[in-house]
Amino acid sequence: MTEMTLVKAINEGLRRAMADDPKVLVMGEDIGRLGGVFRITDGLLDEFGAARVVDTPLAEAGIMGTAVGLAYRGYRPVVEIQFDGFVYPAFDQIVCQVAKLHYRTRGNVKMPITIRIPWAGGVGAAEHHSESPEAYFVHTSGLRVIAVSNPQDAYVMLRQAIASDDPVVYFEPKRLYHQKGEVDLDVDLADAPPMGLARVAREGGDVTLLTYGSQVMTALDAAIAAEDEGVSIEVIDLRSLSPVDYRTVTASVRKTGRVVVTHEAAKEAGMGAELVASVTERCFHYLEAPPQRVTGHDIPYPPAKLEKYHIPDLDRILDAVDRVLDKPNSLTGLEEWRTAETGRAGVGGGVL
């Protein structure tokens, strides 16, 4: 086991995948000599050369279109979208080509493309640099969507994504890039948990807290804080957003009878809505209280000085936990209605 940051774990995952398979190449803006804006591809150009570490023009649609052509020719391209908000120019290629070609050709054409996206906020970035677009891709059939939360998963799941014949959207939480953790660089992928499997990050018996990405860290902090008040929270790190491991999710909810979902993306039609609907369908007779969502507000991502009010924090999560436990200090009645109406007006919202 080696201690390393999330950035270094992703770098090692790329290096190992490229060393193991000459058909793997990486491409994106400034990923060569610069090593990417987050230095994730640092050193790969010197090791593998410009034919496999490709600096591209600033044209996301062109990057994705080139990746489709490479996949047609048997390569396994790993595309870096420099920032989450830059993925939208490539959206047509991803949704209309990458996600559909395997189905359209009755399985004759595979699209083993991994789309790496530095994702979400918490780093004081400018506009278009702190988006949470996961719901768009989860809604798109034909794509796998995963979100990592720690260095070990970042390393293993990247290698699994690259080895997969399915196109994979791989979300990397920028807020955790410098978080350190133990990584087993010699792990056998055959022995590692499949990338579609959720992880019980912390066991508990009173409330199930579902989350992913950088919110896993906040959820674990909330579970520790709740323990001081005698509340036992089970934290589930989804890891895979499409498909979702509902076997692990429902086993937890049926045990606790109460569920809270938290994510940084907006509440309206977000990942939390799908999770709540699916959990309710599968666990209705086990639920002791209505599921709760703790999300970002239904607004464009705010300026850096205001993002701490947008990203769900420990207090907002614990308030939702109080509500599913029917504690008296939770938002109720008129306060709850006012909060919901404020969100619909586009000023606040995303806290229910």
# chains A, B, ... in the order shown; residues from 1 in each chain; ligands from 1

$ residues_around --residues "region 164-176 of chain A" --least-positions-apart "4" --cutoff "9 Å" --atoms "only C-alpha atoms" --output "VMD selection string"
chain A and resid 5 to 7 38 76 84 98 to 99 102 110 to 123 130 134 137 142 to 150 154 157 to 160 180 213 to 214 217

$ residues_around --residues "Ala222 (chain A)" --least-positions-apart "5" --cutoff "7 Å" --atoms "only C-alpha atoms" --output "ChimeraX atom specification"
/A:314,317-318

$ write_last_selection --atoms "N, CA and C atoms" --output "PDB file, in the first residue's frame"
ATOM      1  N   LEU A 314     -22.526  20.010   6.567  1.00  0.00           N
ATOM      2  CA  LEU A 314     -22.875  19.116   7.668  1.00  0.00           C
ATOM      3  C   LEU A 314     -24.197  19.518   8.315  1.00  0.00           C
ATOM      4  N   ILE A 317     -27.256  18.588   6.203  1.00  0.00           N
ATOM      5  CA  ILE A 317     -27.465  17.132   6.208  1.00  0.00           C
ATOM      6  C   ILE A 317     -28.066  16.690   7.536  1.00  0.00           C
ATOM      7  N   LEU A 318     -27.537  17.212   8.636  1.00  0.00           N
ATOM      8  CA  LEU A 318     -28.049  16.816   9.948  1.00  0.00           C
ATOM      9  C   LEU A 318     -29.485  17.284  10.146  1.00  0.00           C
TER      10      LEU A 318
END

$ closest_residue --among "A:Ala126, A:Val244, A:Ile224, A:Val260" --to "Leu197 (chain A)" --atoms "only C-alpha atoms"
A:Val244

$ residues_around --residues "Gly69 (chain A)" --least-positions-apart "3" --cutoff "12 Å" --atoms "only C-alpha atoms" --output "MDAnalysis selection string"
chainID A and resid 62:66 72:77 93 97:98 101 109:113

$ closest_residue --among "A:His310, A:Arg52, A:His178, A:His285" --to "Glu264 (chain A)" --atoms "only C-alpha atoms"
A:His310

$ closest_atom_pairs --of "region 83-169 of chain A" --to "region 269-273 of chain A" --cutoff "9 Å" --atoms "only C-alpha atoms" --output "tab-separated table"
residue	atom	partner	partner_atom	distance
A:Glu134	CA	A:Met271	CA	7.7
A:Ala135	CA	A:Gly270	CA	5.7
A:Tyr136	CA	A:Gly270	CA	8.9
A:Val138	CA	A:Met271	CA	8.0

$ residues_around --residues "Leu58 (chain A)" --least-positions-apart "6" --cutoff "10 Å" --atoms "only C-alpha atoms" --output "list of chain:residue names"
A:Gly28, A:Glu29, A:Asp30, A:Gln82, A:Phe86

$ write_last_selection --atoms "N, CA, C and O atoms" --output "short mmCIF file (atom, residue, chain, number, x, y, z; two decimals), in the first residue's frame"
data_model
loop_
_atom_site.label_atom_id
_atom_site.label_comp_id
_atom_site.auth_asym_id
_atom_site.auth_seq_id
_atom_site.Cartn_x
_atom_site.Cartn_y
_atom_site.Cartn_z
N GLY A 28 -6.50 15.46 -24.87
CA GLY A 28 -7.19 16.57 -24.24
C GLY A 28 -6.38 17.84 -24.35
O GLY A 28 -5.28 17.87 -24.90
N GLU A 29 -6.91 18.90 -23.79
CA GLU A 29 -6.31 20.22 -23.88
C GLU A 29 -5.20 20.38 -22.84
O GLU A 29 -5.44 20.22 -21.63
N ASP A 30 -3.99 20.67 -23.28
CA ASP A 30 -2.84 20.95 -22.40
C ASP A 30 -2.41 19.75 -21.57
O ASP A 30 -1.78 19.91 -20.53
N GLN A 82 -11.34 19.39 -19.85
CA GLN A 82 -10.50 20.15 -18.92
C GLN A 82 -11.26 20.59 -17.67
O GLN A 82 -10.73 20.52 -16.55
N PHE A 86 -17.01 22.57 -19.52
CA PHE A 86 -16.58 22.54 -20.92
C PHE A 86 -17.11 21.33 -21.67
O PHE A 86 -16.85 21.18 -22.86
#

$ select_by_dssp --residues "region 234-326 of chain A" --states "strand (DSSP E or B)" --output "ChimeraX atom specification"
/A:234-237,240-242,259-266,292-296

$ residues_around --residues "Thr280 (chain A)" --least-positions-apart "6" --cutoff "9 Å" --atoms "only C-alpha atoms" --output "short mmCIF file (atom, residue, chain, number, x, y, z; two decimals) with all heavy atoms, in the first residue's frame"
data_model
loop_
_atom_site.label_atom_id
_atom_site.label_comp_id
_atom_site.auth_asym_id
_atom_site.auth_seq_id
_atom_site.Cartn_x
_atom_site.Cartn_y
_atom_site.Cartn_z
N LEU A 287 -40.30 1.97 4.88
CA LEU A 287 -39.98 3.36 5.21
C LEU A 287 -40.79 3.84 6.41
O LEU A 287 -42.01 3.70 6.46
CB LEU A 287 -40.24 4.27 4.01
CG LEU A 287 -39.29 4.09 2.82
CD1 LEU A 287 -39.77 4.91 1.63
CD2 LEU A 287 -37.87 4.48 3.21
N PRO A 290 -40.83 9.97 5.11
CA PRO A 290 -40.55 10.32 3.72
C PRO A 290 -39.07 10.56 3.50
O PRO A 290 -38.42 11.22 4.31
CB PRO A 290 -41.35 11.62 3.51
CG PRO A 290 -42.37 11.63 4.59
CD PRO A 290 -41.74 10.93 5.76
N PRO A 291 -38.48 10.05 2.42
CA PRO A 291 -37.07 10.33 2.13
C PRO A 291 -36.84 11.83 1.94
O PRO A 291 -37.73 12.56 1.51
CB PRO A 291 -36.82 9.56 0.82
CG PRO A 291 -37.87 8.50 0.79
CD PRO A 291 -39.07 9.11 1.45
#

$ select_by_dssp --residues "region 56-270 of chain A" --states "helix (DSSP H, G or I)" --output "PyMOL selection string"
chain A and resi 60-72+84-86+88-98+101-104+134-138+151-163+174-176+215-227+246-256

$ residues_around --residues "Ala19 (chain A)" --least-positions-apart "3" --cutoff "12 Å" --atoms "only C-alpha atoms" --output "number ranges by chain"
A: 12-16, 22-25, 44, 47-48, 52, 159

$ write_last_selection --atoms "N, CA, C and O atoms" --output "short mmCIF file (atom, residue, chain, number, x, y, z; two decimals), in the first residue's frame"
data_model
loop_
_atom_site.label_atom_id
_atom_site.label_comp_id
_atom_site.auth_asym_id
_atom_site.auth_seq_id
_atom_site.Cartn_x
_atom_site.Cartn_y
_atom_site.Cartn_z
N GLU A 12 -1.44 7.42 -11.78
CA GLU A 12 -0.92 6.05 -11.78
C GLU A 12 -1.87 5.11 -12.51
O GLU A 12 -1.42 4.16 -13.17
N GLY A 13 -3.17 5.35 -12.40
CA GLY A 13 -4.13 4.52 -13.13
C GLY A 13 -3.96 4.65 -14.63
O GLY A 13 -4.00 3.65 -15.36
N LEU A 14 -3.75 5.88 -15.10
CA LEU A 14 -3.51 6.10 -16.53
C LEU A 14 -2.20 5.43 -16.96
O LEU A 14 -2.15 4.77 -18.00
N ARG A 15 -1.17 5.61 -16.16
CA ARG A 15 0.15 5.05 -16.50
C ARG A 15 0.08 3.52 -16.61
O ARG A 15 0.59 2.93 -17.56
N ARG A 16 -0.56 2.89 -15.65
CA ARG A 16 -0.65 1.42 -15.66
C ARG A 16 -1.47 0.93 -16.84
O ARG A 16 -1.10 -0.04 -17.51
N PRO A 22 -1.13 -1.18 -25.45
CA PRO A 22 -0.66 -0.14 -26.38
C PRO A 22 -1.79 0.55 -27.14
O PRO A 22 -1.55 1.57 -27.79
N LYS A 23 -3.01 0.02 -27.06
CA LYS A 23 -4.14 0.65 -27.72
C LYS A 23 -4.77 1.77 -26.87
O LYS A 23 -5.67 2.46 -27.34
N VAL A 24 -4.30 1.92 -25.63
CA VAL A 24 -4.80 2.99 -24.77
C VAL A 24 -4.01 4.26 -25.05
O VAL A 24 -2.77 4.24 -25.06
N LEU A 25 -4.72 5.36 -25.29
CA LEU A 25 -4.06 6.65 -25.44
C LEU A 25 -4.90 7.71 -24.73
O LEU A 25 -6.09 7.51 -24.47
N LEU A 44 3.42 11.62 -18.44
CA LEU A 44 2.99 10.61 -19.41
C LEU A 44 3.56 10.86 -20.80
O LEU A 44 3.86 9.92 -21.54
N GLU A 47 7.04 9.48 -21.08
CA GLU A 47 7.08 8.02 -21.00
C GLU A 47 6.49 7.35 -22.24
O GLU A 47 7.02 6.32 -22.69
N PHE A 48 5.42 7.92 -22.81
CA PHE A 48 4.70 7.22 -23.87
C PHE A 48 4.74 7.95 -25.22
O PHE A 48 4.32 7.37 -26.23
N ARG A 52 0.70 8.95 -28.22
CA ARG A 52 -0.25 8.38 -27.27
C ARG A 52 -0.67 9.37 -26.19
O ARG A 52 -1.59 9.07 -25.42
N ARG A 159 -8.89 2.23 -14.09
CA ARG A 159 -8.39 1.09 -14.86
C ARG A 159 -9.54 0.21 -15.34
O ARG A 159 -9.53 -0.30 -16.46
#

$ closest_residue --among "A:Gly32, A:Gly49, A:Gly257, A:Gly124" --to "Ile311 (chain A)" --atoms "only C-alpha atoms"
A:Gly124

$ closest_residue --among "A:Thr295, A:Ser232, A:Thr262, A:Gln152" --to "Thr2 (chain A)" --atoms "only C-alpha atoms"
A:Gln152

$ closest_residue --among "A:Asp315, A:Asp298, A:Asp326, A:Asp184" --to "Pro151 (chain A)" --atoms "only C-alpha atoms"
A:Asp184

$ atom_distance --atom1 "CA of Glu203 (chain A)" --atom2 "CA of Val235 (chain A)"
6.6 Å

$ atom_distance --atom1 "CA of Ser240 (chain A)" --atom2 "CA of Cys283 (chain A)"
20.2 Å

$ decode --residues "region 197-209 of chain A" --atoms "all heavy atoms" --output "PDB file, in the first residue's frame"
ATOM      1  N   LEU A 197     -20.518  -1.470  -8.295  1.00  0.00           N
ATOM      2  CA  LEU A 197     -20.925  -1.847  -6.940  1.00  0.00           C
ATOM      3  C   LEU A 197     -20.783  -0.671  -5.989  1.00  0.00           C
ATOM      4  O   LEU A 197     -19.764   0.023  -5.984  1.00  0.00           O
ATOM      5  CB  LEU A 197     -20.057  -3.011  -6.450  1.00  0.00           C
ATOM      6  CG  LEU A 197     -20.529  -3.781  -5.219  1.00  0.00           C
ATOM      7  CD1 LEU A 197     -21.806  -4.550  -5.532  1.00  0.00           C
ATOM      8  CD2 LEU A 197     -19.438  -4.741  -4.750  1.00  0.00           C
ATOM      9  N   ALA A 198     -21.819  -0.422  -5.181  1.00  0.00           N
ATOM     10  CA  ALA A 198     -21.752   0.618  -4.161  1.00  0.00           C
ATOM     11  C   ALA A 198     -20.909   0.140  -2.982  1.00  0.00           C
ATOM     12  O   ALA A 198     -20.631  -1.053  -2.825  1.00  0.00           O
ATOM     13  CB  ALA A 198     -23.158   0.996  -3.689  1.00  0.00           C
ATOM     14  N   ARG A 199     -20.513   1.094  -2.129  1.00  0.00           N
ATOM     15  CA  ARG A 199     -19.656   0.795  -0.981  1.00  0.00           C
ATOM     16  C   ARG A 199     -20.313   1.311   0.298  1.00  0.00           C
ATOM     17  O   ARG A 199     -20.776   2.451   0.344  1.00  0.00           O
ATOM     18  CB  ARG A 199     -18.297   1.469  -1.167  1.00  0.00           C
ATOM     19  CG  ARG A 199     -17.330   1.351  -0.002  1.00  0.00           C
ATOM     20  CD  ARG A 199     -15.996   1.982  -0.352  1.00  0.00           C
ATOM     21  NE  ARG A 199     -16.078   3.435  -0.448  1.00  0.00           N
ATOM     22  CZ  ARG A 199     -15.732   4.279   0.536  1.00  0.00           C
ATOM     23  NH1 ARG A 199     -15.296   3.808   1.679  1.00  0.00           N
ATOM     24  NH2 ARG A 199     -15.822   5.583   0.362  1.00  0.00           N
ATOM     25  N   VAL A 200     -20.372   0.464   1.297  1.00  0.00           N
ATOM     26  CA  VAL A 200     -20.827   0.913   2.614  1.00  0.00           C
ATOM     27  C   VAL A 200     -19.641   1.599   3.286  1.00  0.00           C
ATOM     28  O   VAL A 200     -18.741   0.948   3.808  1.00  0.00           O
ATOM     29  CB  VAL A 200     -21.353  -0.248   3.472  1.00  0.00           C
ATOM     30  CG1 VAL A 200     -21.821   0.270   4.837  1.00  0.00           C
ATOM     31  CG2 VAL A 200     -22.498  -0.971   2.764  1.00  0.00           C
ATOM     32  N   ALA A 201     -19.643   2.929   3.239  1.00  0.00           N
ATOM     33  CA  ALA A 201     -18.510   3.683   3.768  1.00  0.00           C
ATOM     34  C   ALA A 201     -18.498   3.727   5.280  1.00  0.00           C
ATOM     35  O   ALA A 201     -17.438   3.878   5.900  1.00  0.00           O
ATOM     36  CB  ALA A 201     -18.530   5.106   3.210  1.00  0.00           C
ATOM     37  N   ARG A 202     -19.676   3.615   5.887  1.00  0.00           N
ATOM     38  CA  ARG A 202     -19.789   3.584   7.343  1.00  0.00           C
ATOM     39  C   ARG A 202     -21.095   2.872   7.685  1.00  0.00           C
ATOM     40  O   ARG A 202     -22.151   3.208   7.142  1.00  0.00           O
ATOM     41  CB  ARG A 202     -19.786   5.002   7.928  1.00  0.00           C
ATOM     42  CG  ARG A 202     -19.914   5.050   9.456  1.00  0.00           C
ATOM     43  CD  ARG A 202     -20.050   6.487   9.944  1.00  0.00           C
ATOM     44  NE  ARG A 202     -20.322   6.553  11.363  1.00  0.00           N
ATOM     45  CZ  ARG A 202     -19.413   6.776  12.302  1.00  0.00           C
ATOM     46  NH1 ARG A 202     -18.158   6.966  11.946  1.00  0.00           N
ATOM     47  NH2 ARG A 202     -19.733   6.822  13.577  1.00  0.00           N
ATOM     48  N   GLU A 203     -21.031   1.913   8.567  1.00  0.00           N
ATOM     49  CA  GLU A 203     -22.229   1.172   8.949  1.00  0.00           C
ATOM     50  C   GLU A 203     -23.017   1.920  10.015  1.00  0.00           C
ATOM     51  O   GLU A 203     -22.451   2.645  10.837  1.00  0.00           O
ATOM     52  CB  GLU A 203     -21.852  -0.223   9.453  1.00  0.00           C
ATOM     53  CG  GLU A 203     -21.273  -1.123   8.373  1.00  0.00           C
ATOM     54  CD  GLU A 203     -21.087  -2.558   8.827  1.00  0.00           C
ATOM     55  OE1 GLU A 203     -21.325  -2.828  10.027  1.00  0.00           O
ATOM     56  OE2 GLU A 203     -20.715  -3.398   7.996  1.00  0.00           O
ATOM     57  N   GLY A 204     -24.344   1.757   9.971  1.00  0.00           N
ATOM     58  CA  GLY A 204     -25.213   2.392  10.952  1.00  0.00           C
ATOM     59  C   GLY A 204     -26.574   1.736  10.944  1.00  0.00           C
ATOM     60  O   GLY A 204     -26.864   0.896  10.076  1.00  0.00           O
ATOM     61  N   GLY A 205     -27.434   2.119  11.876  1.00  0.00           N
ATOM     62  CA  GLY A 205     -28.713   1.446  12.002  1.00  0.00           C
ATOM     63  C   GLY A 205     -29.946   2.324  12.005  1.00  0.00           C
ATOM     64  O   GLY A 205     -31.061   1.811  11.924  1.00  0.00           O
ATOM     65  N   ASP A 206     -29.778   3.660  12.087  1.00  0.00           N
ATOM     66  CA  ASP A 206     -30.947   4.532  12.229  1.00  0.00           C
ATOM     67  C   ASP A 206     -31.361   5.220  10.927  1.00  0.00           C
ATOM     68  O   ASP A 206     -32.552   5.375  10.650  1.00  0.00           O
ATOM     69  CB  ASP A 206     -30.672   5.624  13.282  1.00  0.00           C
ATOM     70  CG  ASP A 206     -30.472   5.041  14.670  1.00  0.00           C
ATOM     71  OD1 ASP A 206     -31.095   4.005  14.973  1.00  0.00           O
ATOM     72  OD2 ASP A 206     -29.680   5.612  15.444  1.00  0.00           O
ATOM     73  N   VAL A 207     -30.400   5.654  10.121  1.00  0.00           N
ATOM     74  CA  VAL A 207     -30.675   6.402   8.899  1.00  0.00           C
ATOM     75  C   VAL A 207     -29.673   5.975   7.827  1.00  0.00           C
ATOM     76  O   VAL A 207     -28.486   5.807   8.119  1.00  0.00           O
ATOM     77  CB  VAL A 207     -30.550   7.931   9.121  1.00  0.00           C
ATOM     78  CG1 VAL A 207     -30.794   8.688   7.814  1.00  0.00           C
ATOM     79  CG2 VAL A 207     -31.511   8.407  10.200  1.00  0.00           C
ATOM     80  N   THR A 208     -30.164   5.809   6.596  1.00  0.00           N
ATOM     81  CA  THR A 208     -29.283   5.569   5.449  1.00  0.00           C
ATOM     82  C   THR A 208     -29.020   6.902   4.753  1.00  0.00           C
ATOM     83  O   THR A 208     -29.957   7.623   4.412  1.00  0.00           O
ATOM     84  CB  THR A 208     -29.931   4.601   4.453  1.00  0.00           C
ATOM     85  OG1 THR A 208     -30.094   3.326   5.075  1.00  0.00           O
ATOM     86  CG2 THR A 208     -29.072   4.440   3.210  1.00  0.00           C
ATOM     87  N   LEU A 209     -27.761   7.222   4.567  1.00  0.00           N
ATOM     88  CA  LEU A 209     -27.359   8.459   3.889  1.00  0.00           C
ATOM     89  C   LEU A 209     -26.686   8.070   2.573  1.00  0.00           C
ATOM     90  O   LEU A 209     -25.596   7.494   2.562  1.00  0.00           O
ATOM     91  CB  LEU A 209     -26.414   9.260   4.780  1.00  0.00           C
ATOM     92  CG  LEU A 209     -25.921  10.619   4.279  1.00  0.00           C
ATOM     93  CD1 LEU A 209     -27.069  11.506   3.832  1.00  0.00           C
ATOM     94  CD2 LEU A 209     -25.098  11.302   5.360  1.00  0.00           C
TER      95      LEU A 209
END
